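A.B. asks: Just target_37.txt, nothing more (compact mmCIF, C-alpha atoms):
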# COMPACT_ATOMS: atom_id res chain seq x y z
CA MET A 1 100.12 82.09 103.03
CA GLY A 2 103.82 81.37 102.94
CA GLU A 3 105.80 81.53 99.73
CA THR A 4 105.89 78.31 97.66
CA THR A 5 109.26 77.54 96.09
CA VAL A 6 110.62 75.09 93.52
CA GLN A 7 114.16 74.08 92.70
CA THR A 8 115.76 75.06 89.40
CA PRO A 9 118.18 72.67 87.61
CA GLU A 10 121.01 74.76 89.04
CA GLY A 11 119.69 74.16 92.54
CA ARG A 12 118.44 77.70 93.11
CA ALA A 13 115.07 78.22 94.75
CA LYS A 14 112.54 80.44 93.07
CA ALA A 15 108.88 81.27 93.59
CA ALA A 16 106.40 78.85 92.08
CA PRO A 17 104.47 80.17 89.06
CA ALA A 18 101.15 81.87 89.60
CA PRO A 19 98.09 79.59 89.64
CA ILE A 20 96.37 79.17 86.30
CA VAL A 21 93.10 81.08 86.10
CA THR A 22 90.53 80.76 83.37
CA GLY A 23 87.47 82.61 82.15
CA ARG A 24 86.65 85.80 80.29
CA LEU A 25 88.36 87.95 82.90
CA ALA A 26 91.44 85.75 83.15
CA ARG A 27 93.83 88.46 82.01
CA PHE A 28 92.70 90.67 84.89
CA ARG A 29 93.15 87.86 87.40
CA VAL A 30 96.83 87.24 86.71
CA PRO A 31 99.09 89.31 89.01
CA ARG A 32 100.98 91.99 87.09
CA ARG A 33 103.34 94.71 88.11
CA PRO A 34 101.30 97.58 89.63
CA ARG A 35 101.61 101.14 88.39
CA ILE A 36 102.18 103.83 91.00
CA TRP A 37 99.88 106.45 89.48
CA PHE A 38 97.00 103.98 89.28
CA GLU A 39 97.50 102.71 92.83
CA VAL A 40 97.71 106.19 94.37
CA LEU A 41 94.59 107.27 92.50
CA LEU A 42 92.74 104.07 93.41
CA ILE A 43 93.58 104.31 97.10
CA ALA A 44 92.71 108.02 97.26
CA VAL A 45 89.36 107.59 95.50
CA SER A 46 88.51 104.44 97.46
CA TYR A 47 89.20 106.05 100.81
CA TRP A 48 87.17 109.10 99.82
CA VAL A 49 84.24 106.86 98.85
CA TYR A 50 84.66 104.83 102.05
CA SER A 51 84.59 107.97 104.20
CA LEU A 52 81.65 109.38 102.25
CA VAL A 53 79.56 106.23 102.58
CA ARG A 54 80.52 105.59 106.21
CA ASN A 55 79.60 109.10 107.24
CA ALA A 56 76.45 109.10 105.09
CA VAL A 57 75.00 106.21 107.09
CA PRO A 58 72.28 107.74 109.28
CA GLU A 59 73.44 108.28 112.86
CA GLN A 60 70.68 106.26 114.51
CA LYS A 61 71.52 107.25 118.06
CA ALA A 62 68.70 105.44 119.84
CA THR A 63 69.25 102.22 117.91
CA ALA A 64 73.02 102.46 118.30
CA LEU A 65 72.76 102.90 122.08
CA SER A 66 70.26 100.07 122.33
CA ASN A 67 72.59 97.81 120.35
CA ALA A 68 75.47 98.79 122.63
CA ASP A 69 73.43 97.78 125.68
CA TRP A 70 72.69 94.45 124.01
CA ILE A 71 76.34 93.81 123.12
CA TRP A 72 77.33 94.65 126.69
CA SER A 73 74.75 92.25 128.09
CA VAL A 74 75.90 89.48 125.76
CA GLU A 75 79.50 89.98 126.83
CA LYS A 76 78.45 89.87 130.48
CA SER A 77 76.66 86.58 129.88
CA LEU A 78 79.84 85.24 128.23
CA GLY A 79 82.02 86.48 131.07
CA ILE A 80 84.16 88.71 128.83
CA ALA A 81 82.74 92.13 129.75
CA VAL A 82 85.98 93.53 131.16
CA GLU A 83 86.31 96.55 128.87
CA GLU A 84 85.33 99.01 131.59
CA SER A 85 87.94 97.61 133.98
CA VAL A 86 90.64 97.77 131.30
CA ASN A 87 89.59 101.30 130.39
CA HIS A 88 89.87 102.52 133.99
CA ALA A 89 93.09 100.66 134.74
CA VAL A 90 94.96 102.01 131.71
CA ASN A 91 93.50 105.50 132.13
CA SER A 92 95.13 105.67 135.57
CA VAL A 93 98.58 105.54 133.92
CA THR A 94 98.72 108.87 132.11
CA TRP A 95 101.73 108.27 129.87
CA LEU A 96 100.33 104.90 128.78
CA ILE A 97 96.83 106.05 127.90
CA VAL A 98 98.13 109.17 126.12
CA GLY A 99 100.37 106.93 124.04
CA MET A 100 97.42 104.68 123.26
CA ASN A 101 95.33 107.67 122.19
CA TYR A 102 97.98 108.63 119.65
CA TYR A 103 98.40 105.00 118.63
CA TYR A 104 94.66 104.79 117.92
CA ALA A 105 94.64 108.03 115.95
CA THR A 106 97.73 107.47 113.80
CA LEU A 107 98.98 103.89 113.35
CA HIS A 108 95.69 102.77 111.84
CA PHE A 109 96.65 104.76 108.75
CA VAL A 110 100.45 104.90 108.99
CA VAL A 111 101.01 101.14 109.27
CA THR A 112 98.39 100.26 106.65
CA ILE A 113 99.88 102.66 104.11
CA GLY A 114 103.39 101.56 105.07
CA VAL A 115 102.57 97.90 104.41
CA LEU A 116 100.98 98.80 101.07
CA VAL A 117 104.15 100.67 100.07
CA TRP A 118 106.32 97.76 101.22
CA LEU A 119 104.27 95.29 99.22
CA TYR A 120 104.32 97.53 96.16
CA ARG A 121 108.10 97.89 96.30
CA TRP A 122 109.27 94.46 97.43
CA HIS A 123 106.38 92.11 96.54
CA PRO A 124 104.84 93.53 93.35
CA GLY A 125 103.51 90.15 92.24
CA ARG A 126 101.53 89.84 95.46
CA TYR A 127 100.52 93.46 95.85
CA ALA A 128 97.26 93.36 93.89
CA ALA A 129 95.97 90.28 95.73
CA ALA A 130 96.89 91.77 99.12
CA ARG A 131 95.28 95.08 98.19
CA THR A 132 92.14 93.22 97.11
CA VAL A 133 91.92 91.63 100.57
CA LEU A 134 92.07 95.07 102.18
CA PHE A 135 89.54 96.64 99.83
CA ALA A 136 87.02 93.78 100.09
CA THR A 137 87.37 93.81 103.88
CA THR A 138 86.63 97.52 104.01
CA ALA A 139 83.74 97.30 101.54
CA VAL A 140 81.86 94.67 103.53
CA ALA A 141 82.46 96.68 106.71
CA LEU A 142 80.33 99.45 105.22
CA VAL A 143 77.43 97.01 105.09
CA GLY A 144 77.91 96.39 108.80
CA TYR A 145 77.84 100.10 109.58
CA TYR A 146 74.55 100.45 107.72
CA LEU A 147 72.81 97.36 109.06
CA TYR A 148 74.02 97.51 112.64
CA PRO A 149 74.62 101.00 114.06
CA LEU A 150 76.51 100.66 117.31
CA ALA A 151 77.65 103.20 119.87
CA PRO A 152 81.18 102.75 121.21
CA PRO A 153 81.50 102.09 124.97
CA ARG A 154 82.58 105.70 125.66
CA LEU A 155 79.17 106.96 124.44
CA MET A 156 77.03 104.51 126.40
CA THR A 157 74.56 105.88 128.92
CA GLY A 158 74.36 104.47 132.41
CA GLN A 159 77.91 103.12 132.31
CA ASP A 160 81.19 104.50 133.60
CA PHE A 161 83.45 104.35 130.56
CA ILE A 162 86.04 107.13 130.18
CA ASP A 163 86.49 108.97 126.88
CA THR A 164 90.27 109.09 127.14
CA VAL A 165 90.74 111.57 124.29
CA LEU A 166 88.52 114.13 126.00
CA VAL A 167 90.01 113.54 129.46
CA HIS A 168 93.63 113.83 128.35
CA HIS A 169 93.08 116.42 125.58
CA THR A 170 94.99 114.47 122.95
CA TRP A 171 94.65 115.27 119.26
CA GLY A 172 93.95 113.26 116.17
CA SER A 173 90.85 111.24 116.96
CA MET A 174 87.90 111.77 114.65
CA ALA A 175 85.69 110.26 117.32
CA SER A 176 85.89 112.91 120.02
CA GLY A 177 86.31 116.60 120.60
CA ASP A 178 85.95 119.19 117.84
CA LEU A 179 86.29 116.59 115.06
CA LYS A 180 83.46 114.33 116.18
CA ASN A 181 80.95 115.94 113.81
CA MET A 182 83.13 114.91 110.85
CA SER A 183 82.81 111.19 111.58
CA ASN A 184 79.86 108.88 112.19
CA GLN A 185 79.87 108.29 115.93
CA TYR A 186 77.77 105.15 115.72
CA ALA A 187 79.79 103.01 113.33
CA ALA A 188 81.70 100.87 115.82
CA MET A 189 80.72 97.47 114.38
CA PRO A 190 82.81 96.06 112.81
CA SER A 191 86.16 97.43 113.99
CA MET A 192 88.34 98.30 111.02
CA HIS A 193 91.18 99.04 113.42
CA ILE A 194 91.21 95.28 113.94
CA GLY A 195 90.42 94.44 110.32
CA TRP A 196 93.23 96.59 108.94
CA SER A 197 95.79 95.79 111.66
CA THR A 198 95.24 92.04 111.28
CA TRP A 199 95.54 92.39 107.50
CA ALA A 200 98.84 94.23 107.94
CA GLY A 201 100.07 91.71 110.50
CA LEU A 202 99.25 88.74 108.29
CA MET A 203 100.93 90.28 105.25
CA ILE A 204 104.09 90.95 107.25
CA PHE A 205 104.07 87.49 108.81
CA ALA A 206 103.51 85.74 105.48
CA MET A 207 106.06 87.66 103.42
CA ALA A 208 108.75 89.14 105.67
CA LYS A 209 112.04 87.26 105.78
CA VAL A 210 113.38 88.67 109.05
CA PRO A 211 112.09 86.72 112.08
CA TRP A 212 111.69 89.77 114.33
CA ALA A 213 109.58 91.50 111.66
CA ARG A 214 107.28 88.48 111.48
CA VAL A 215 106.90 88.51 115.25
CA LEU A 216 106.05 92.21 115.19
CA GLY A 217 103.50 91.46 112.47
CA LEU A 218 101.70 89.09 114.82
CA LEU A 219 101.95 91.42 117.81
CA TYR A 220 100.59 94.47 115.98
CA PRO A 221 96.88 93.40 115.87
CA VAL A 222 97.13 92.15 119.46
CA ALA A 223 98.40 95.55 120.60
CA THR A 224 95.67 97.21 118.54
CA LEU A 225 93.02 95.11 120.28
CA VAL A 226 94.26 96.29 123.67
CA VAL A 227 94.26 99.92 122.48
CA ILE A 228 90.73 99.96 121.06
CA VAL A 229 89.39 98.49 124.31
CA ALA A 230 91.49 100.63 126.67
CA THR A 231 90.40 103.84 124.91
CA ALA A 232 86.73 102.74 125.10
CA ASN A 233 86.31 102.95 121.34
CA HIS A 234 85.23 99.33 120.84
CA PHE A 235 83.87 96.22 122.48
CA TRP A 236 85.62 92.86 122.16
CA LEU A 237 82.83 91.75 119.82
CA ASP A 238 83.54 94.66 117.47
CA ALA A 239 86.94 93.05 116.96
CA VAL A 240 85.25 89.76 116.08
CA GLY A 241 83.23 91.64 113.48
CA GLY A 242 86.44 93.07 112.03
CA LEU A 243 87.96 89.60 111.77
CA LEU A 244 84.87 88.27 109.99
CA CYS A 245 85.16 91.10 107.46
CA LEU A 246 88.82 90.22 106.95
CA ALA A 247 87.91 86.56 106.39
CA PHE A 248 85.50 87.71 103.69
CA GLY A 249 88.22 89.84 102.09
CA ILE A 250 90.67 86.92 102.08
CA ALA A 251 88.04 84.68 100.49
CA VAL A 252 87.35 87.22 97.73
CA SER A 253 91.04 87.60 96.92
CA ARG A 254 91.58 83.83 97.06
CA TYR A 255 88.74 83.26 94.63
CA TRP A 256 89.84 86.00 92.23
CA TYR A 257 93.55 85.16 92.06
CA GLY A 258 93.34 81.44 92.72
CA ALA A 259 95.76 81.61 95.65
CA TYR A 260 96.48 83.49 98.85
CA PRO A 261 98.69 86.59 98.43
CA GLY A 262 101.72 84.97 100.04
CA SER A 263 101.51 81.98 97.70
CA LEU A 264 101.75 84.07 94.54
CA PRO A 265 105.11 84.77 92.90
CA ARG A 266 106.95 87.64 94.54
CA PHE A 267 107.77 89.19 91.15
CA PRO A 268 105.28 88.92 88.30
CA GLU A 269 106.42 87.63 84.92
CA ASP A 270 104.35 90.23 83.10
CA ALA A 271 105.62 93.76 83.73
CA GLY A 272 102.65 95.41 82.05
CA PRO A 273 100.07 97.56 83.85
CA PHE A 274 97.56 95.80 86.05
Please re-express this file's structure in structure tokens.

C.D. replies:
Amino acid sequence: MGETTVQTPEGRAKAAPAPIVTGRLARFRVPRRPRIWFEVLLIAVSYWVYSLVRNAVPEQKATALSNADWIWSVEKSLGIAVEESVNHAVNSVTWLIVGMNYYYATLHFVVTIGVLVWLYRWHPGRYAAARTVLFATTAVALVGYYLYPLAPPRLMTGQDFIDTVLVHHTWGSMASGDLKNMSNQYAAMPSMHIGWSTWAGLMIFAMAKVPWARVLGLLYPVATLVVIVATANHFWLDAVGGLLCLAFGIAVSRYWYGAYPGSLPRFPEDAGPF
């Protein structure tokens, strides 16, 4: 996903031209400079629809708990069922688990929006393709929520997981406390905390020029994985589901634009609306 460059006669490097795309919709498949009013409206409407659909999926409690028991048994058979141990170990360090609670509740949105703004401002030629990855990833996740209701570890019966938000009385989580009725409690598979954080990390790694920023891009989804497990909001396999959704989103964007986001020109030749 790195930037492809060519040498000009003067010896200056510049981004390679966008891949040639053909077909009736070709003009919509060529990256163009995004328009702020359209992007804000699109993101607002899309997130509203996402929340509406996600929360409209029937909360099939019995099925979700049964699926959680099955996931837990599969992880035990694979020797990776250590979520409960991680949950208890981190919960014993108050300042750490409180920080993770706030991380879980805030960075999921803050970092994702921040990366979108960064792409819009500094990589306008790549913005639409990157945004398409994110949107396609989120759209297919909705199918997962509908087809496979899953209770998070903290809601399992017969296990000893700790709901860290309730225990430490932290704010912001839509999954516990007074806000739990506003969010579907049984939509843990796939994990969009992993889907979105890995998307953000890959975009930063592929397009940032500063080495430390690229390193942080890679570390961000790793830290997110630790947080979702330590707070008992997800199983390891939920993260795998999130990565599969992201792979689908990347494939959709790659097909539509003919290249990965980082391989497109940083600045589009056409400054018209997308």

A.B. asks: Give as a list in words the set of residues within 12 Å of the point (71.3, 100.7, 124.5), where distances use the file's coordinates and only C-alpha atoms.

C.D. replies: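 Checking each residue against the 12 Å limit leaves Gln60, Lys61, Ala62, Thr63, Ala64, Leu65, Ser66, Asn67, Ala68, Asp69, Trp70, Ile71, Trp72, Ser73, Pro149, Leu150, Ala151, Pro152, Pro153, Leu155, Met156, Thr157, Gly158, Gln159 and Tyr186 of chain A.
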
A.B. asks: Give me, as a ChimeraX atom specification, all polymer residues having an atom no more than 8 Å from stretch 109-113 of chain A, counting only C-alpha atoms and skipping those fewer than 4 positions away in the same chain.

C.D. replies: /A:117,196-197,200

A.B. asks: Just checking: using only C-alpha atoms, which residue out of A:Thr224, A:Thr170, A:Ser77, A:Ser46 ends up closest to A:Thr132?

C.D. replies: A:Ser46

A.B. asks: If we count all atoms listed in the file and set the cut-off at 12 Å, which residues sit around A:Ala213, ignoring sequence neighbours fewer than 4 positions away in its own chain? Please answer as a count of residues only.

C.D. replies: 15

A.B. asks: Using the file's own x, y and z axes, what box holds all listed atoms of stretch 135-154 of chain A with 3 Å on each side, keeping edges along x, y and z, and what are its centre and edge lengths in Å to one decimal, as lines of an AutoDock Vina configuration file?

C.D. replies:
center_x = 81.2
center_y = 99.7
center_z = 112.7
size_x = 22.7
size_y = 17.9
size_z = 31.8

A.B. asks: Figure out the distance between atom CA of A:Val53 and atom CA of A:Tyr120, please, to one decimal in Å.

C.D. replies: 27.0 Å

A.B. asks: When you draw a straight line from atom CA of A:His193 to atom CA of A:His108, how long is it in Å?

C.D. replies: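 Atom CA of A:His193 sits 6.1 Å away from atom CA of A:His108.
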
A.B. asks: Using only C-alpha atoms, which protein or nucleic acid residues come within 12 Å of A:Glu83? Drop anything in the same chain fewer than 5 positions from it, and give the result as a PyMOL selection string.

C.D. replies: chain A and resi 71-72+75-76+88-91+152-154+159-162+225-238

A.B. asks: Rounded to one decimal, what separation in Å do you get between atom CA of A:Gly195 and atom CA of A:Arg131?

C.D. replies: 13.1 Å

A.B. asks: Point out the residue among A:Met189, A:Ile80, A:Val40, A:Val86 with the least atom-to-atom distance to A:Tyr148, counting only C-alpha atoms.

C.D. replies: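 Nearest to A:Tyr148: A:Met189.
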
A.B. asks: Closest to A:Pro190 among A:Gly262, A:Gly114, A:Pro124, A:Gly241, using only C-alpha atoms?

C.D. replies: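 Distance minimum relative to A:Pro190 lands on A:Gly241.
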
A.B. asks: Which residue gives the smallest distance to A:Arg33 among A:Leu246, A:Ala239, A:Ala128, A:Val167, with only C-alpha atoms counted?

C.D. replies: A:Ala128

A.B. asks: Neighbours of A:Ala136 within 12 Å (only C-alpha atoms; same-chain residues fewer than 5 positions away dropped), as a count of residues only?

C.D. replies: 27

A.B. asks: Could you check which of A:Tyr127, A:Tyr103, A:Leu96, A:Ala188 is closest to A:Pro265, using only C-alpha atoms?

C.D. replies: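 Looking at the shortest contact to A:Pro265, the residue is A:Tyr127.
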